[in-house]
Each structure stands twice: as C-alpha cells, then as structure tokens.
Amino acid sequence: LRVGLPNMDLLLALSILAAYAYSTVQLFRDPLDLYFEVAGTLVAVVTIGRYLEREARLKASQELSGILRAWSNRACVLREGRYLICGLAELVPGDRVFVRPGEAIPVDGEIVAGQGAIDESLMTGEAFTASRGVGERALGGGILLEGNLEIEVGQRVESRMVNLSRLLWNMQSAGGGMQGRVDRLARGFVPAVMVLAMLVGLGLLAFGASPEKALLASLATLIVSCPCTFGLAIPLTAATAVGTALRRGILVSSADLFEKSPRIDIVVLDKTGTLSSGKMAVTNVVGSPGAIARAAAVERHSTHPVARAIADIDATRTASEVELHPGRGAVGRVGKDRVAVGSRALFATLGWEIPAELAARIADRRDGDSVVSWVGRNGCAEGAIVTRDRPRPEWIAVVATLRRHCRVVLLTGAEHSDGYAEHVDEVHAGVPPEAKAAVIRRLRTEGRVAMIGDGSNDAPALAAADFGIAFGAPTQLAAEAADMVIPGDRLDRVLDAFDLVGVAQRRIRQNLAWALSYNAIAIPLAMTGYLSPLVAAVAMSASSLLVVANSTRALLPAMKVGAGDTPTGQVAGISKPGEMIASQFRDNP
C-alpha cells in the first residue's frame with residue numbers, strides 16, 4: 001500500500017485479516033460460524049513457500065558477494081628494498097608485485113623480472129600454458145606454474161578477475177522470469193478482486209439483503225480468490241526440482257531458473273574444460289623408445305601440464321641435475337647424456353639442432369590444437385612428442401543429440417577448434433571474455449540461448465545467456481554466474497539437466513493454468529452468493545492442495561545407478577540421459 005504497487009501479498013493479507021476479524025466478532029455471536037483456521041492455513045502454507053524462495057535468493061547473493069573477498073586479496077610487494085605483504089586495496093601504480101610458483105597473479109601488470117609458465121585458462125579459456133617473460137603483460141587471475149615473476153602495476157590498479165566480476169554483477173542485476181509476470185498480473189488482479197468484493201456487498205445491500213449476508217458474500221469473494229495457488233505454483237515446484245537435481249549431483253544456483261521461458265533455440269558450448277577434459281594427453285610419438293624414456297625422466301621434475309603427460313609415458317629411468325626453463329621445457333642428465341625436452345625456443349636458446357627430416361615428420365602428425373615437445377640429446381634433437389587437450393569420450397554423441405533439437409555453437413577463447421568444428425553448426429574461436437558476452441547477446445536476438453562453460457572467462461557469457469550451465473570443475477566465478485552447476489566428467493548429464501528444467505517449467509505452467517482457471521470459475525460463483533465463506537475456504541484449500549500435490553510429484557523417472565555412479569545424493573544420471581530432452585527445445589528447422 002505504501003509504494004502503490006498491489007501484489008498477491010496484499011490480497012492475501014486482506015483475506016486473512018477479513019477472515020480473522022469476522023471470526024472474532026462471530027466468536028461472541030455464533031461460535032459455530034468461525035473462520036480462524038482459514039487465516040492460519042493461509043499464513044502457514046504461503047510462508048513456507050516464500051521462505052524456500054527467499055533463502056535460495058539470499059544464499060546466491062551472499063556467495064556472489066564473497067567472490068572478490070576470497071580471490072587473492074593479498075600481494076607480496078617490493079617497497080624501499082623490502083618485500084611486504086599487503087592487501088590489494090593498498091596497491092598503487094608503480095608497485096612491484098612478486099609472484100612465486102603456485103600463486104595467483106593478483107593484478108594486471110608488466111613483467112619486469114623473471115620468466116614464468118602461467119596458466120591463463122581461467123581468463124582466456126586457452127588450455128595451453130603461456131610462457132611470459134620481461135616486457136610482456138601478465139593477467140590478474142592467472143596461476144604461475146613455474147618460475148618467479150616480478151610484475152609492475154600499471155597506471156591503473158586492475159585485475160581481469162575483478163573486471164569479470166564487475167561485468168557479472170551487471171549481467172545479473174536484471175532479473176525477471178515468470179514470478180515477475182505473476183506479480184505484474186497481480187497489480188491488476190488484486191484491485192479488481194477488492195472492487196468486486198466491495199461491489200458484491202453493496203449490491204446485496206441495495207437489493208435488501210441483511211448486512212451479515214452482504215458481509216459474508218464479500219468475505220467469500222475475498223477468500224475464494226485468495227492467491228495461495230499463485231503463491232505456491234512456482235516456489236514449491238522449484239523446491240522439488242532443486243531436490244531432484246541434488247539427488248543427481250546437479251546444483252541449482254539460480255532461484256528463478258525454473259521460472260524462465262522453457263524453450264531453447266541455441267546451445268553455446270565452450271571447448272576447453274567442457275568438450276575437452278582440460279588435461280593434456282600424448283597423441284603421437286616420434287623417436288626411439290630410449291629417447292622417449294629419457295624425456296619422461298626429465299619431465300618428471302616439472303609440474304607443467306605437458307610435462308606431466310610426458311612423464312606418464314615411462315618410469316624406467318631417472319634424471320639428475322635438472323634445470324627448468326619455465327614455459328619452454330627442461331634440461332637434465334640421464335646417465336651420461338645431457339637431455340633436453342621442450343619447445344623450439346628452448347632448443348634455439350641451447351643452440352641445439354632440430355634436423356629438417358625430423359621436423360617434416362612431426363609436421364604431418366600434429367594439428368593446430370596440439371603442442372610439440374622436442375626431445376634432444378647431447379646437442380641434437382632425436383625425437384618429438386605431440387600432446388593435446390584430451391576430448392571427452394562422449395562429447396560427439398551429446399552434441400549430436402543437441403543438434404537434433406536446436407542449433408549448436410562453439411564459443412572458445414582458444415585460437416584453434418580443430419576436430420570440433422565439423423560437429424557443430426557455428427564456430428567462434430579466439431574470443432576474449434568480454435566479447436563472449438557480446439556474442440551471447442547477439443545470439444539472443446535470434447532466439448533463446450543456453451550457454452555451457454567452466455572457466456571464469458565464461459562467467460559473463462553464462463550470466464548473459466537465458467540458461468547458463470557451469471560444467472566439469474568450474475571456477476567459483478563461473479559457478480556463481482550460471483543457473484546450474486554440473487560437477488564431474490560426464491558431459492551427458494547436461495542432457496539430464498535440460499530434461500529436469502523442461503519438466504519443472506511445464507509443471508509450473510500447469511499450476512499457473514489451474515490457478516487462473518480456478519479463480520475464473522470460483523470468483524463469479526462467490527459473487528452470485530452460491531459460495532458461503534466456509535465453502536469458499538474449502539475450495540481455496542482444495543485448490544492449494546492440488547497445486548502442492550502437483551508441485552511435489554516426481555519430476556524425472558527413478559534413477560538407476562550404473563557403473564561409475566555414486567550413491568544417492570550424488571548420483572550423476574538416469575537410465576537414458578536426455579530421454580525427454582525434446583521438451584526443452586524448439587525443433588531445429
């Protein structure tokens with residue numbers, strides 16, 4: 001009343017107060033004609049539904065607020081010849097920040113000393129580690145894997161992670177959904193019911209009815225039109241869906257996910273960490289078994305993702321006197337031989353030769369999405385090992401299922417999409433985080449968009465999409481931006497997620513359709529005097545119970561735990577993933 005925007009709560013409050021006030025008066029006149037239980041039931045049932053919704057929204061807001069506080073809030077700074085630990089808010093332009101292996105780079109800046117291998121996949125989506133040295137720019141949010149870096153803060157103290165967080169807040173600030181449309185409907189529905197109840201009473205008085213009968217007719221009109229069905233239609237179904245998702249190991253992080261429009265026209269997929277595992281694997285080897293064994297012995301001393309993949313090839317030999325060249329490779333001694341494993345840049349630095357015949361052989365065995373590690377001994381390369389990001393085994397089948405119902409777009413920060421492009425309808429490669437959100441906004445002009453990604457660089461796109469899914473081992477920022485989080489390695493669970501959302505949204509539409517139909521029939525009956533307050537209360541209660549029963553029915557078929565699944569509470573799938581997926585998509589023309 002104070003803000004001039006009547007909603008369902010206003011009509012609910014009037015119904016409760018009217019029933020309570022009438023019953024209080026009747027208590028001293030006719031103790032058998034009371035409606036206290038109507039007021040109590042309305043308060044209890046609606047409060048439970050609203051509590052579930054409110055808690056979900058509050059939790060999401062609190063977790064999102066904690067992202068910046070949890071992310072690298074301290075830095076090691078060189079001041080007056082001494083290294084000091086300070087908060088990011090204390091950094092000023094020109095400060096020199098020292099970063100050690102395993103630490104996150106707190107702010108953007110120029111490298112003024114050191115050489116390092118940096119994992120920038122959180123920011124760029126690129127699976128391969130970047131080698132950065134003096135004069136190059138380091139992104140805040142990257143993880144230093146090898147080496148030590150000294151970074152000078154630029155004219156502005158900023159971090160790519162902070163910028164992504166700010167962009168994410170802007171994306172999530174605009175809400176809506178079905179609940180918003182229900183509230184807008186209430187702005188007209190509530191005043192109309194109030195006017196109708198008043199006109200009913202005045203009309204009966206005008207035709208000679210007693211004040212008590214006129215009051216009961218007005219009260220019946222208010223009670224029978226009580227918005228319990230509207231108030232319960234969405235939150236109870238959403239609560240049931242959240243519970244179903246948790247039993248399948250799927251986390252719902254958006255309170256209004258099940259209120260959004262159900263039909264999806266375009267599915268956008270990230271590559272690294274989504275279609276691929278984000279882990280490097282050896283795909284080709286050129287050279288003798290002895291050369292490969294020596295390479296594995298040297299790489300065992302490095303924590304680089306490519307080095308770990310090579311180290312797993314062989315464990316029969318050991319290396320000593322190992323020198324790491326961050327981002328380039330490693331050099332060590334295996335027996336009496338000096339062995340080098342790494343990039344062409346490492347061999348150029350050492351002055352070692354790469355025979356043209358070997359280079360030609362390896363050129364035929366690699367693609368644009370792979371990394372070549374040259375293997376050399378005593379000044380000359382004698383072999384090479386090709387590694388690449390390992391694709392998930394089921395990704396082709398999942399993409400094929402999605403393409404049967406909608407358009408599939410690959411959106412990646414990586415420069416290459418070899419091996420993936422032919423299985424999707426459209427490809428956008430080498431796209432930075434800010435541009436990813438712009439691509440999603442453009443696609444939304446062509447239809448409703450679902451985005452699936454895992455990295456912080458995907459967070460703005462996940463927030464901009466109509467339906468965002470953070471998959472695999474998502475970063476905290478990606479998880480907060482998404483409507484749903486699906487941890488683990490099974491990409492086919494994405495199909496289960498679409499099934500769940502589609503069924504839940506259909507259930508909500510059923511509830512709202514019943515609520516509208518009930519009011520359309522019951523209100524005229526109450527206005528004409530055919531319903532007493534008691535019958536109106538019974539009708540209202542029956543309507544609410546029907547909505548509750550429909551909302552709490554099982555949303556998906558019973559689960560069957562298969563090989564690799566976890567016990568109930570973390571089960572990651574159903575017997576046939578995606579068996580109802582067509583309910584969530586508009587047919588692909």
# chains A, B, ... in the order shown; residues from 1 in each chain; ligands from 1
>>> select_by_dssp(residues="segment 431-548 of chain A", states="strand (DSSP E or B)", output="list in words")
Val449, Ala450, Met451, Ile452, Gly453, Phe467, Gly468, Ile469, Ala470, Phe471, Gly472, Met484, Val485, Ile486 and Pro487 of chain A
>>> write_last_selection(atoms="N, CA, C and O atoms", output="PDB file, in the first residue's frame")
ATOM      1  N   VAL A 449      18.917 -18.654 -25.682  1.00  0.00           N
ATOM      2  CA  VAL A 449      20.267 -19.216 -25.714  1.00  0.00           C
ATOM      3  C   VAL A 449      20.602 -19.902 -24.398  1.00  0.00           C
ATOM      4  O   VAL A 449      20.378 -19.344 -23.318  1.00  0.00           O
ATOM      5  N   ALA A 450      21.172 -21.111 -24.478  1.00  0.00           N
ATOM      6  CA  ALA A 450      21.755 -21.802 -23.331  1.00  0.00           C
ATOM      7  C   ALA A 450      23.264 -21.835 -23.526  1.00  0.00           C
ATOM      8  O   ALA A 450      23.750 -22.119 -24.619  1.00  0.00           O
ATOM      9  N   MET A 451      24.023 -21.518 -22.464  1.00  0.00           N
ATOM     10  CA  MET A 451      25.477 -21.486 -22.532  1.00  0.00           C
ATOM     11  C   MET A 451      26.038 -22.508 -21.552  1.00  0.00           C
ATOM     12  O   MET A 451      25.592 -22.592 -20.406  1.00  0.00           O
ATOM     13  N   ILE A 452      27.033 -23.300 -22.009  1.00  0.00           N
ATOM     14  CA  ILE A 452      27.678 -24.297 -21.169  1.00  0.00           C
ATOM     15  C   ILE A 452      29.173 -24.019 -21.166  1.00  0.00           C
ATOM     16  O   ILE A 452      29.819 -24.030 -22.217  1.00  0.00           O
ATOM     17  N   GLY A 453      29.748 -23.752 -19.988  1.00  0.00           N
ATOM     18  CA  GLY A 453      31.169 -23.455 -19.873  1.00  0.00           C
ATOM     19  C   GLY A 453      31.680 -23.784 -18.487  1.00  0.00           C
ATOM     20  O   GLY A 453      30.932 -24.230 -17.616  1.00  0.00           O
ATOM     21  N   PHE A 467      19.989 -19.381 -20.149  1.00  0.00           N
ATOM     22  CA  PHE A 467      20.179 -20.545 -19.287  1.00  0.00           C
ATOM     23  C   PHE A 467      21.671 -20.874 -19.285  1.00  0.00           C
ATOM     24  O   PHE A 467      22.224 -21.263 -20.306  1.00  0.00           O
ATOM     25  N   GLY A 468      22.341 -20.682 -18.153  1.00  0.00           N
ATOM     26  CA  GLY A 468      23.772 -20.927 -18.049  1.00  0.00           C
ATOM     27  C   GLY A 468      24.064 -22.178 -17.234  1.00  0.00           C
ATOM     28  O   GLY A 468      23.521 -22.359 -16.145  1.00  0.00           O
ATOM     29  N   ILE A 469      24.939 -23.047 -17.764  1.00  0.00           N
ATOM     30  CA  ILE A 469      25.349 -24.263 -17.068  1.00  0.00           C
ATOM     31  C   ILE A 469      26.862 -24.251 -16.910  1.00  0.00           C
ATOM     32  O   ILE A 469      27.600 -24.187 -17.899  1.00  0.00           O
ATOM     33  N   ALA A 470      27.336 -24.293 -15.657  1.00  0.00           N
ATOM     34  CA  ALA A 470      28.762 -24.421 -15.370  1.00  0.00           C
ATOM     35  C   ALA A 470      29.067 -25.906 -15.214  1.00  0.00           C
ATOM     36  O   ALA A 470      28.514 -26.566 -14.330  1.00  0.00           O
ATOM     37  N   PHE A 471      29.947 -26.432 -16.049  1.00  0.00           N
ATOM     38  CA  PHE A 471      30.159 -27.883 -16.119  1.00  0.00           C
ATOM     39  C   PHE A 471      31.576 -28.261 -15.720  1.00  0.00           C
ATOM     40  O   PHE A 471      32.510 -27.478 -15.856  1.00  0.00           O
ATOM     41  N   GLY A 472      31.738 -29.516 -15.262  1.00  0.00           N
ATOM     42  CA  GLY A 472      33.055 -30.097 -15.015  1.00  0.00           C
ATOM     43  C   GLY A 472      33.603 -29.710 -13.661  1.00  0.00           C
ATOM     44  O   GLY A 472      33.059 -30.073 -12.617  1.00  0.00           O
ATOM     45  N   MET A 484      22.934 -23.234 -13.210  1.00  0.00           N
ATOM     46  CA  MET A 484      23.068 -24.613 -12.764  1.00  0.00           C
ATOM     47  C   MET A 484      24.526 -25.037 -12.842  1.00  0.00           C
ATOM     48  O   MET A 484      25.245 -24.629 -13.752  1.00  0.00           O
ATOM     49  N   VAL A 485      24.982 -25.856 -11.864  1.00  0.00           N
ATOM     50  CA  VAL A 485      26.348 -26.361 -11.840  1.00  0.00           C
ATOM     51  C   VAL A 485      26.304 -27.879 -11.915  1.00  0.00           C
ATOM     52  O   VAL A 485      25.596 -28.525 -11.134  1.00  0.00           O
ATOM     53  N   ILE A 486      27.060 -28.459 -12.867  1.00  0.00           N
ATOM     54  CA  ILE A 486      27.109 -29.915 -13.035  1.00  0.00           C
ATOM     55  C   ILE A 486      28.560 -30.351 -12.865  1.00  0.00           C
ATOM     56  O   ILE A 486      29.333 -30.361 -13.825  1.00  0.00           O
ATOM     57  N   PRO A 487      28.978 -30.700 -11.644  1.00  0.00           N
ATOM     58  CA  PRO A 487      30.366 -31.128 -11.435  1.00  0.00           C
ATOM     59  C   PRO A 487      30.604 -32.536 -11.956  1.00  0.00           C
ATOM     60  O   PRO A 487      29.666 -33.331 -12.111  1.00  0.00           O
TER      61      PRO A 487
END
>>> residues_around(residues="Gly201 of chain A", least_positions_apart="5", cutoff="10 Å", atoms="only C-alpha atoms", output="JSON list (two decimals) with N, CA, C and O atoms, in the first residue's frame")
[["chain", "number", "residue", "atom", "x", "y", "z"],
["A", 196, "LEU", "N", -14.51, -5.91, -6.70],
["A", 196, "LEU", "CA", -15.60, -6.86, -6.85],
["A", 196, "LEU", "C", -16.20, -7.24, -5.50],
["A", 196, "LEU", "O", -17.43, -7.30, -5.34],
["A", 206, "ALA", "N", -28.09, -3.22, -1.49],
["A", 206, "ALA", "CA", -29.02, -2.44, -2.29],
["A", 206, "ALA", "C", -30.28, -3.23, -2.64],
["A", 206, "ALA", "O", -31.37, -2.66, -2.81],
["A", 209, "ALA", "N", -30.62, -7.30, 1.07],
["A", 209, "ALA", "CA", -30.03, -8.35, 1.88],
["A", 209, "ALA", "C", -29.57, -7.79, 3.22],
["A", 209, "ALA", "O", -29.30, -6.59, 3.35],
["A", 210, "SER", "N", -29.47, -8.64, 4.20],
["A", 210, "SER", "CA", -29.02, -8.21, 5.53],
["A", 210, "SER", "C", -27.53, -7.87, 5.47],
["A", 210, "SER", "O", -26.79, -8.40, 4.64],
["A", 211, "PRO", "N", -27.06, -6.97, 6.38],
["A", 211, "PRO", "CA", -25.62, -6.65, 6.41],
["A", 211, "PRO", "C", -24.75, -7.88, 6.62],
["A", 211, "PRO", "O", -23.66, -7.97, 6.04],
["A", 212, "GLU", "N", -25.25, -8.83, 7.43],
["A", 212, "GLU", "CA", -24.44, -10.04, 7.67],
["A", 212, "GLU", "C", -24.27, -10.85, 6.40],
["A", 212, "GLU", "O", -23.18, -11.33, 6.09],
["A", 213, "LYS", "N", -25.36, -11.01, 5.63],
["A", 213, "LYS", "CA", -25.28, -11.76, 4.39],
["A", 213, "LYS", "C", -24.39, -11.04, 3.38],
["A", 213, "LYS", "O", -23.59, -11.68, 2.66],
["A", 214, "ALA", "N", -24.49, -9.73, 3.30],
["A", 214, "ALA", "CA", -23.65, -8.96, 2.37],
["A", 214, "ALA", "C", -22.18, -9.10, 2.75],
["A", 214, "ALA", "O", -21.30, -9.25, 1.88],
["A", 215, "LEU", "N", -21.91, -9.04, 4.07],
["A", 215, "LEU", "CA", -20.53, -9.17, 4.53],
["A", 215, "LEU", "C", -19.98, -10.55, 4.22],
["A", 215, "LEU", "O", -18.83, -10.69, 3.79],
["A", 216, "LEU", "N", -20.79, -11.60, 4.41],
["A", 216, "LEU", "CA", -20.33, -12.96, 4.13],
["A", 216, "LEU", "C", -20.05, -13.15, 2.64],
["A", 216, "LEU", "O", -19.09, -13.82, 2.26],
["A", 217, "ALA", "N", -20.88, -12.56, 1.78],
["A", 217, "ALA", "CA", -20.65, -12.67, 0.34],
["A", 217, "ALA", "C", -19.34, -11.98, -0.06],
["A", 217, "ALA", "O", -18.56, -12.49, -0.88],
["A", 218, "SER", "N", -19.13, -10.79, 0.53],
["A", 218, "SER", "CA", -17.87, -10.08, 0.25],
["A", 218, "SER", "C", -16.68, -10.88, 0.75],
["A", 218, "SER", "O", -15.65, -10.99, 0.07],
["A", 219, "LEU", "N", -16.81, -11.44, 1.95],
["A", 219, "LEU", "CA", -15.72, -12.23, 2.52],
["A", 219, "LEU", "C", -15.47, -13.48, 1.68],
["A", 219, "LEU", "O", -14.30, -13.86, 1.44],
["A", 221, "THR", "N", -15.94, -13.81, -1.48],
["A", 221, "THR", "CA", -15.26, -13.39, -2.71],
["A", 221, "THR", "C", -13.77, -13.20, -2.46],
["A", 221, "THR", "O", -12.93, -13.60, -3.27],
["A", 527, "MET", "N", -19.44, -14.32, -6.06],
["A", 527, "MET", "CA", -20.11, -13.03, -6.26],
["A", 527, "MET", "C", -21.63, -13.20, -6.32],
["A", 527, "MET", "O", -22.38, -12.33, -5.85]]
>>> closest_residue(among="A:Arg137, A:Arg442, A:Arg403, A:Arg96", to="Gly116 of chain A", atoms="only C-alpha atoms")
A:Arg137
>>> atom_distance(atom1="atom CA of Val372 of chain A", atom2="atom CA of Ile385 of chain A")
5.8 Å
>>> atom_distance(atom1="atom CA of Lys279 of chain A", atom2="atom CA of Pro326 of chain A")
18.7 Å
>>> closest_atom_pairs(of="segment 256-371 of chain A", to="segment 454-464 of chain A", cutoff="9 Å", atoms="only C-alpha atoms", output="tab-separated table")
residue	atom	partner	partner_atom	distance
A:Asp270	CA	A:Asp454	CA	7.6
A:Thr272	CA	A:Asp454	CA	8.1
A:Gly273	CA	A:Asp454	CA	6.1
A:Thr274	CA	A:Asp454	CA	6.5
>>> closest_residue(among="A:Glu152, A:Asp492, A:Asp265, A:Glu90", to="Glu394 of chain A", atoms="only C-alpha atoms")
A:Asp492
>>> atom_distance(atom1="atom CA of Leu443 of chain A", atom2="atom CA of Asp389 of chain A")
27.6 Å
>>> closest_residue(among="A:Val331, A:Leu495, A:Pro31, A:Phe258", to="Leu236 of chain A", atoms="only C-alpha atoms")
A:Phe258
